[in-house]
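Visitor: Quick one: structure below, then a few questions.
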Amino acid sequence: MSSPAPKPAVLVVDDIEANLVVMEALLGSVDCEIVRATNGNDALKQLLRRDFAVMLLDVQMPGMDGFEVAHYARDNPATRDVPIIFVTAMHETEGNVLRGYGSGAVDLLFKPINPHVLSSKVRVFVELYLGRRRLAEEIEAHKRTMADLEAFNYSVSHDLRAPLRPLDGFSQVLLDDHSDKLDEQAKDYLRRIRNAAQRMGQLIDDLLNLSRLSRAELRRQSVDMSALATEIFDEIRRDSGSRQVTVVVQPAVTASGDPRLLRIALENLLRNAWKFTQGKASARIEFGLKPGKSAADDQPVYFVRDDGVGFDAARANRLFQPFQRFHAASAFEGTGIGLAIVGRIIERHGGKIWAESEVGCGATFLFTLKPPGGNE
Amino acid sequence: MTPRILLVEDNEDDIALTLRAFERSKLRDQIEVVRDGNEALDFLLCQGAHAGRDPQRMPELILLDLNLPRLGGLQVLERLRQHQPSRFIPVVVLTSSVEERDIVESYRLGANSYVQKPVDFGQFLEATRDLGLYWLGLNRRVPPHVR
């Protein structure tokens, strides 16, 4: 990346010096470096030495002929991808054309050569080569970024959590061992410190999860969404004690997706529904499949509906961004990352997620799990 | 006296909290603290500053932090598994990270358990109590004569 990338190179192979000179002249208008080879061995050596955008290969040469050179070049993984254009004085018979393509040529030029045809074809390969090289550089840069991110995450998970333990721990030790010397206000402050430390710990864990999800490999298989929803509802009930909540899970809803990721997404949605109905004497939460398919994508639409506090529909587009909180922390706890995680999981599946609500009238989250018209 | 638990930890806050937590389970006096990887190996292999220690007397449990200065926790684990006196001692990795590669590497190198230090001290108290009950109570060790 530091030194400017060299010009793309074109390898011209011909046993007759004069032909090489002519070819080089014909290619004068193409922005590339011409490398010459006068026999098959030399050509193969050059191929190993550097990258070429294309090789113009004379067929009839003494010793190793063009077909053999092509054969060896295609056989070696290091040189296999260099496109070959045969240049030949043979007659343009069907047999010769087929043999040329059969030995791995991408094109054949029969002498006498039309200069425009030659330079246009070579230019196409030079541009393709440049495109490939740019892409490779971008992939390389992307890999470096991912590695940096990985290192950053690692240090966050180690080093950023560590100072929270003494904050929480020593506050607790003070409350346990020295409570006789503390008045109620002092104890209240210590509890606040503990809450803040634990909240920060949760925040770090959630952020790391969000970051991991973006990198996790997606393994699609058939998932029984109804069973999954029922299981999650059972867990939530166990965790949250007695509340009057009517849970409706539509039976036999299946999906194609990554079971682990779908569980995380559905759990976030159902726990959200549970959380935002907590003020109601009796609440109702539904999971199921919307009748018909989404008009835009022709894909099944899953939904989670609650009759809780809902949210302001005007802000719905910000729901799935991290740290967006629509309610005061005192009313509903949470780090504001849950829906971002859900959004990322749906996005990883190629699907879409959106929400419908009015303040005070509950919320419905809807999602698809495949790209429009796609099978993946 | 040989301690029943060897705590390998460099962070003084974590040391204080861990000792405090084991006080609850009456194991405070059974813990020896070493503050980096090299010292851990010196202790276990009875060399360096611990050259006079009796190699027959080994701790029953090692609590190992991964993020250590000089010699890292995973390296300590790898080395102690290569030596006769320490190869069968149960090692519980006790660390901040739940990165998959740390977990996989720990088990690959012979850890017996992997526990994340929770931020919530209440949870940490429970964890230390459970660790003491299990590894010093329920668990059967390799008898000394076959080590």
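Ordering of the structure tokens sets the chain letters (A, B, ...); residue numbers start at 1 within each chain; ligands are numbered from 1 in the order shown.
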For Gln321 of chain A, work out the shell of residues within 6 Å, counting only C-alpha atoms and skipping chain neighbours fewer than 2 positions away, then give it as a list in words.

Guide: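 Near Gln321 of chain A, the qualifying residues are Arg318, Leu319 and Ala340 of chain A.
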
Visitor: Counting only C-alpha atoms, give me one row per residue of chain A with an atom at most 8 Å from an atom of chain B, showing the shortest contact pair and its distance in Å to one decimal, sorted by chain then residue number, as CSV.

Guide:
```
residue,atom,partner,partner_atom,distance
A:Tyr154,CA,B:Glu99,CA,7.0
A:Ser157,CA,B:Ser97,CA,5.4
A:His158,CA,B:Ser97,CA,5.2
A:Asp159,CA,B:Ser96,CA,7.8
A:Arg161,CA,B:Ser96,CA,6.7
A:Ala162,CA,B:Ser96,CA,6.6
A:Leu164,CA,B:Val119,CA,6.0
A:Arg165,CA,B:Val119,CA,4.6
A:Pro166,CA,B:Asp13,CA,5.9
A:Asp168,CA,B:Phe121,CA,6.1
A:Gly169,CA,B:Phe121,CA,4.8
A:Phe170,CA,B:Leu17,CA,7.5
A:Gln172,CA,B:Phe121,CA,6.9
A:Arg194,CA,B:Asp120,CA,7.9
A:Ala197,CA,B:Val119,CA,7.4
A:Gln198,CA,B:Val119,CA,6.1
A:Gly201,CA,B:Val119,CA,6.3
```

Visitor: Just how far from atom CA of Ser242 of chain A is atom CA of Asn195 of chain A, in Å to one decimal?

Guide: 24.1 Å

Visitor: Taking 6 positions as the minimum chain separation for residues in the same chain, which residues sit within 10 Å of Leu19 of chain B when counting only C-alpha atoms? Answer as an mmCIF file with N, CA and C atoms, in the first residue's frame.

Guide:
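Dumped to around-v9.cif:
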```cif
data_model
loop_
_atom_site.group_PDB
_atom_site.id
_atom_site.type_symbol
_atom_site.label_atom_id
_atom_site.label_comp_id
_atom_site.auth_asym_id
_atom_site.auth_seq_id
_atom_site.Cartn_x
_atom_site.Cartn_y
_atom_site.Cartn_z
ATOM 1 N N LEU B 7 -3.849 -19.119 44.304
ATOM 2 C CA LEU B 7 -4.500 -18.088 43.502
ATOM 3 C C LEU B 7 -3.435 -17.375 42.686
ATOM 4 N N ASP B 13 -6.895 -5.504 43.517
ATOM 5 C CA ASP B 13 -8.320 -5.422 43.852
ATOM 6 C C ASP B 13 -8.970 -6.800 43.786
ATOM 7 N N LEU B 27 -12.241 -20.368 53.971
ATOM 8 C CA LEU B 27 -11.084 -20.920 53.276
ATOM 9 C C LEU B 27 -9.979 -19.884 53.122
ATOM 10 N N ARG B 28 -10.187 -18.712 53.742
ATOM 11 C CA ARG B 28 -9.239 -17.619 53.579
ATOM 12 C C ARG B 28 -7.812 -18.054 53.910
ATOM 13 N N ASP B 29 -7.640 -18.844 54.960
ATOM 14 C CA ASP B 29 -6.289 -19.215 55.397
ATOM 15 C C ASP B 29 -5.668 -20.317 54.550
ATOM 16 N N GLN B 30 -6.467 -20.849 53.659
ATOM 17 C CA GLN B 30 -5.975 -21.961 52.833
ATOM 18 C C GLN B 30 -5.424 -21.475 51.493
ATOM 19 N N ILE B 31 -5.404 -20.136 51.312
ATOM 20 C CA ILE B 31 -5.044 -19.611 49.996
ATOM 21 C C ILE B 31 -3.663 -18.977 49.993
ATOM 22 N N GLU B 32 -2.871 -19.354 49.022
ATOM 23 C CA GLU B 32 -1.594 -18.684 48.778
ATOM 24 C C GLU B 32 -1.754 -17.878 47.478
ATOM 25 N N VAL B 33 -1.253 -16.654 47.510
ATOM 26 C CA VAL B 33 -1.372 -15.817 46.323
ATOM 27 C C VAL B 33 -0.016 -15.680 45.648
ATOM 28 N N THR B 128 -17.490 -18.446 44.488
ATOM 29 C CA THR B 128 -16.365 -18.950 45.282
ATOM 30 C C THR B 128 -16.835 -20.036 46.253
#
```

Visitor: Using only C-alpha atoms, which of A:Lys111, A:Lys121, A:Arg260, A:Arg74 sits nearest Val10 of chain A?

Guide: A:Lys121

Visitor: Just list the residues in chain B DSSP gives strand (DSSP E or B) on the backbone, as number ranges by chain.

Guide: B: 5-8, 31-34, 61-64, 91-95, 113-116

Visitor: Suppose we keep N, CA and C atoms; can you now write the selection as an mmCIF file, in the first residue's frame?

Guide:
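The resulting file, selection-v3.cif, is shown below:
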```
data_model
loop_
_atom_site.group_PDB
_atom_site.id
_atom_site.type_symbol
_atom_site.label_atom_id
_atom_site.label_comp_id
_atom_site.auth_asym_id
_atom_site.auth_seq_id
_atom_site.Cartn_x
_atom_site.Cartn_y
_atom_site.Cartn_z
ATOM 1 N N ILE B 5 -5.344 -23.914 48.218
ATOM 2 C CA ILE B 5 -5.669 -23.218 46.968
ATOM 3 C C ILE B 5 -4.529 -22.279 46.592
ATOM 4 N N LEU B 6 -4.116 -22.336 45.323
ATOM 5 C CA LEU B 6 -3.142 -21.373 44.826
ATOM 6 C C LEU B 6 -3.877 -20.387 43.927
ATOM 7 N N LEU B 7 -3.849 -19.119 44.304
ATOM 8 C CA LEU B 7 -4.500 -18.088 43.502
ATOM 9 C C LEU B 7 -3.435 -17.375 42.686
ATOM 10 N N VAL B 8 -3.546 -17.455 41.360
ATOM 11 C CA VAL B 8 -2.589 -16.785 40.479
ATOM 12 C C VAL B 8 -3.286 -15.546 39.928
ATOM 13 N N ILE B 31 -5.404 -20.136 51.312
ATOM 14 C CA ILE B 31 -5.044 -19.611 49.996
ATOM 15 C C ILE B 31 -3.663 -18.977 49.993
ATOM 16 N N GLU B 32 -2.871 -19.354 49.022
ATOM 17 C CA GLU B 32 -1.594 -18.684 48.778
ATOM 18 C C GLU B 32 -1.754 -17.878 47.478
ATOM 19 N N VAL B 33 -1.253 -16.654 47.510
ATOM 20 C CA VAL B 33 -1.372 -15.817 46.323
ATOM 21 C C VAL B 33 -0.016 -15.680 45.648
ATOM 22 N N VAL B 34 0.029 -15.915 44.325
ATOM 23 C CA VAL B 34 1.224 -15.552 43.555
ATOM 24 C C VAL B 34 0.791 -14.555 42.493
ATOM 25 N N LEU B 61 -6.074 -27.073 44.400
ATOM 26 C CA LEU B 61 -6.805 -26.322 43.372
ATOM 27 C C LEU B 61 -5.997 -25.094 42.980
ATOM 28 N N ILE B 62 -5.967 -24.827 41.678
ATOM 29 C CA ILE B 62 -5.321 -23.600 41.206
ATOM 30 C C ILE B 62 -6.396 -22.704 40.597
ATOM 31 N N LEU B 63 -6.477 -21.474 41.068
ATOM 32 C CA LEU B 63 -7.363 -20.480 40.461
ATOM 33 C C LEU B 63 -6.482 -19.578 39.608
ATOM 34 N N LEU B 64 -6.723 -19.609 38.309
ATOM 35 C CA LEU B 64 -5.772 -18.990 37.382
ATOM 36 C C LEU B 64 -6.421 -17.857 36.591
ATOM 37 N N VAL B 91 -7.300 -27.131 37.618
ATOM 38 C CA VAL B 91 -7.106 -25.711 37.352
ATOM 39 C C VAL B 91 -8.441 -25.098 36.954
ATOM 40 N N VAL B 92 -8.868 -24.100 37.710
ATOM 41 C CA VAL B 92 -10.061 -23.344 37.348
ATOM 42 C C VAL B 92 -9.611 -21.992 36.822
ATOM 43 N N VAL B 93 -9.885 -21.735 35.547
ATOM 44 C CA VAL B 93 -9.562 -20.422 34.992
ATOM 45 C C VAL B 93 -10.604 -19.438 35.506
ATOM 46 N N LEU B 94 -10.111 -18.361 36.118
ATOM 47 C CA LEU B 94 -11.000 -17.380 36.746
ATOM 48 C C LEU B 94 -10.628 -16.033 36.142
ATOM 49 N N THR B 95 -11.448 -15.549 35.215
ATOM 50 C CA THR B 95 -10.989 -14.412 34.416
ATOM 51 C C THR B 95 -12.139 -13.509 33.999
ATOM 52 N N SER B 113 -11.941 -26.220 34.394
ATOM 53 C CA SER B 113 -13.160 -25.437 34.518
ATOM 54 C C SER B 113 -12.860 -24.013 34.082
ATOM 55 N N TYR B 114 -13.888 -23.292 33.690
ATOM 56 C CA TYR B 114 -13.699 -21.917 33.233
ATOM 57 C C TYR B 114 -14.808 -21.076 33.834
ATOM 58 N N VAL B 115 -14.427 -20.094 34.636
ATOM 59 C CA VAL B 115 -15.432 -19.279 35.329
ATOM 60 C C VAL B 115 -15.158 -17.803 35.061
ATOM 61 N N GLN B 116 -16.189 -17.082 34.642
ATOM 62 C CA GLN B 116 -16.008 -15.644 34.463
ATOM 63 C C GLN B 116 -16.216 -14.936 35.797
#
```

Visitor: Each residue of segment 59-143 of chain B lying at most 8 Å from segment 40-52 of chain B should get a row with its shortest atom-to-atom pair and the distance in Å to one decimal, counting only C-alpha atoms; could you produce that, ordered by chain and increasing number, as a tab-separated table?

Guide:
```
residue	atom	partner	partner_atom	distance
B:Val76	CA	B:Leu41	CA	6.7
B:Arg79	CA	B:Leu41	CA	7.8
B:Leu80	CA	B:Leu41	CA	6.8
B:His83	CA	B:Leu45	CA	7.7
B:Pro85	CA	B:Leu45	CA	7.1
B:Ser86	CA	B:Leu44	CA	6.3
```

Visitor: Save the residues we just selected, C-alpha atoms, as a PDB file, in the first residue's frame?

Guide:
```pdb
ATOM      1  CA  VAL B  76       1.368 -21.051  32.777  1.00  0.00           C
ATOM      2  CA  ARG B  79       3.785 -25.470  31.298  1.00  0.00           C
ATOM      3  CA  LEU B  80       2.332 -26.761  34.540  1.00  0.00           C
ATOM      4  CA  HIS B  83       5.453 -31.334  34.761  1.00  0.00           C
ATOM      5  CA  PRO B  85       4.046 -32.670  40.292  1.00  0.00           C
ATOM      6  CA  SER B  86       1.503 -30.248  38.838  1.00  0.00           C
TER       7      SER B  86
END
```

Visitor: Using only C-alpha atoms, which protein or nucleic acid residues come within 8 Å of segment 52-63 of chain A? Drop anything in the same chain fewer than 3 positions from it, and give the result as a PDB file with C-alpha atoms, in the first residue's frame.

Guide:
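For reference, selection_2.pdb as written:
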```pdb
ATOM      1  CA  PRO A   8      -0.469  -4.008 -15.066  1.00  0.00           C
ATOM      2  CA  ALA A   9       1.799  -6.210 -17.168  1.00  0.00           C
ATOM      3  CA  VAL A  10       1.028  -8.014 -20.427  1.00  0.00           C
ATOM      4  CA  LEU A  11       3.138 -11.016 -21.405  1.00  0.00           C
ATOM      5  CA  VAL A  12       3.770 -11.383 -25.143  1.00  0.00           C
ATOM      6  CA  VAL A  13       5.213 -14.720 -26.228  1.00  0.00           C
ATOM      7  CA  ASP A  14       6.587 -15.237 -29.736  1.00  0.00           C
ATOM      8  CA  ASP A  15       9.728 -16.960 -31.032  1.00  0.00           C
ATOM      9  CA  ASN A  39      10.020 -19.354 -25.979  1.00  0.00           C
ATOM     10  CA  GLY A  40       7.742 -21.465 -23.816  1.00  0.00           C
ATOM     11  CA  LEU A  47       4.514 -16.097 -15.287  1.00  0.00           C
ATOM     12  CA  GLY A  66       1.682 -22.536 -27.375  1.00  0.00           C
ATOM     13  CA  PHE A  67      -0.768 -25.314 -26.477  1.00  0.00           C
ATOM     14  CA  VAL A  82      -3.707 -15.543 -16.063  1.00  0.00           C
ATOM     15  CA  PRO A  83      -6.023 -15.223 -19.076  1.00  0.00           C
ATOM     16  CA  ILE A  84      -4.510 -16.533 -22.323  1.00  0.00           C
ATOM     17  CA  ILE A  85      -5.144 -15.165 -25.803  1.00  0.00           C
ATOM     18  CA  PHE A  86      -3.703 -17.322 -28.562  1.00  0.00           C
ATOM     19  CA  VAL A  87      -2.207 -15.494 -31.501  1.00  0.00           C
ATOM     20  CA  THR A  88      -1.839 -17.742 -34.506  1.00  0.00           C
ATOM     21  CA  VAL A 122      -6.022  -6.388 -24.225  1.00  0.00           C
ATOM     22  CA  PHE A 125      -8.180  -7.631 -19.653  1.00  0.00           C
ATOM     23  CA  VAL A 126      -6.008  -4.845 -18.233  1.00  0.00           C
ATOM     24  CA  LEU A 128     -10.394  -6.478 -15.395  1.00  0.00           C
ATOM     25  CA  TYR A 129      -7.008  -6.985 -13.784  1.00  0.00           C
TER      26      TYR A 129
END
```

Visitor: Would you give me, as a count of residues only, the residues in segment 42-287 of chain A that DSSP reads as alpha helix (DSSP H)?

Guide: 147

Visitor: What lies within 6 Å of Asp306 of chain A using only C-alpha atoms, ignoring chain neighbours under 5 positions off, as an NGL selection string?

Guide: :A and (273 or 284-285 or 362-363)

Visitor: Please report the interatomic distance between atom CA of His349 of chain A and atom CA of Ala216 of chain A in Å with one decimal.

Guide: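 That distance, rounded to one decimal, is 11.7 Å.
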
Visitor: Identify which of the residues B:Gln123, B:Asn112, B:Asn38, B:Thr2 lies closest to Pro90 of chain B, counting only C-alpha atoms when measuring atom-to-atom distances.

Guide: B:Asn112

Visitor: Distance atom CA of Lys7 of chain A-atom CA of Val69 of chain A, one decimal place?

Guide: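 Distance between the two atoms: 24.3 Å.
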
Visitor: Using only C-alpha atoms, can you tell me which of A:Gly241, A:Gly288, A:Pro112, A:Pro259 comes closest to Phe365 of chain A?

Guide: A:Gly288
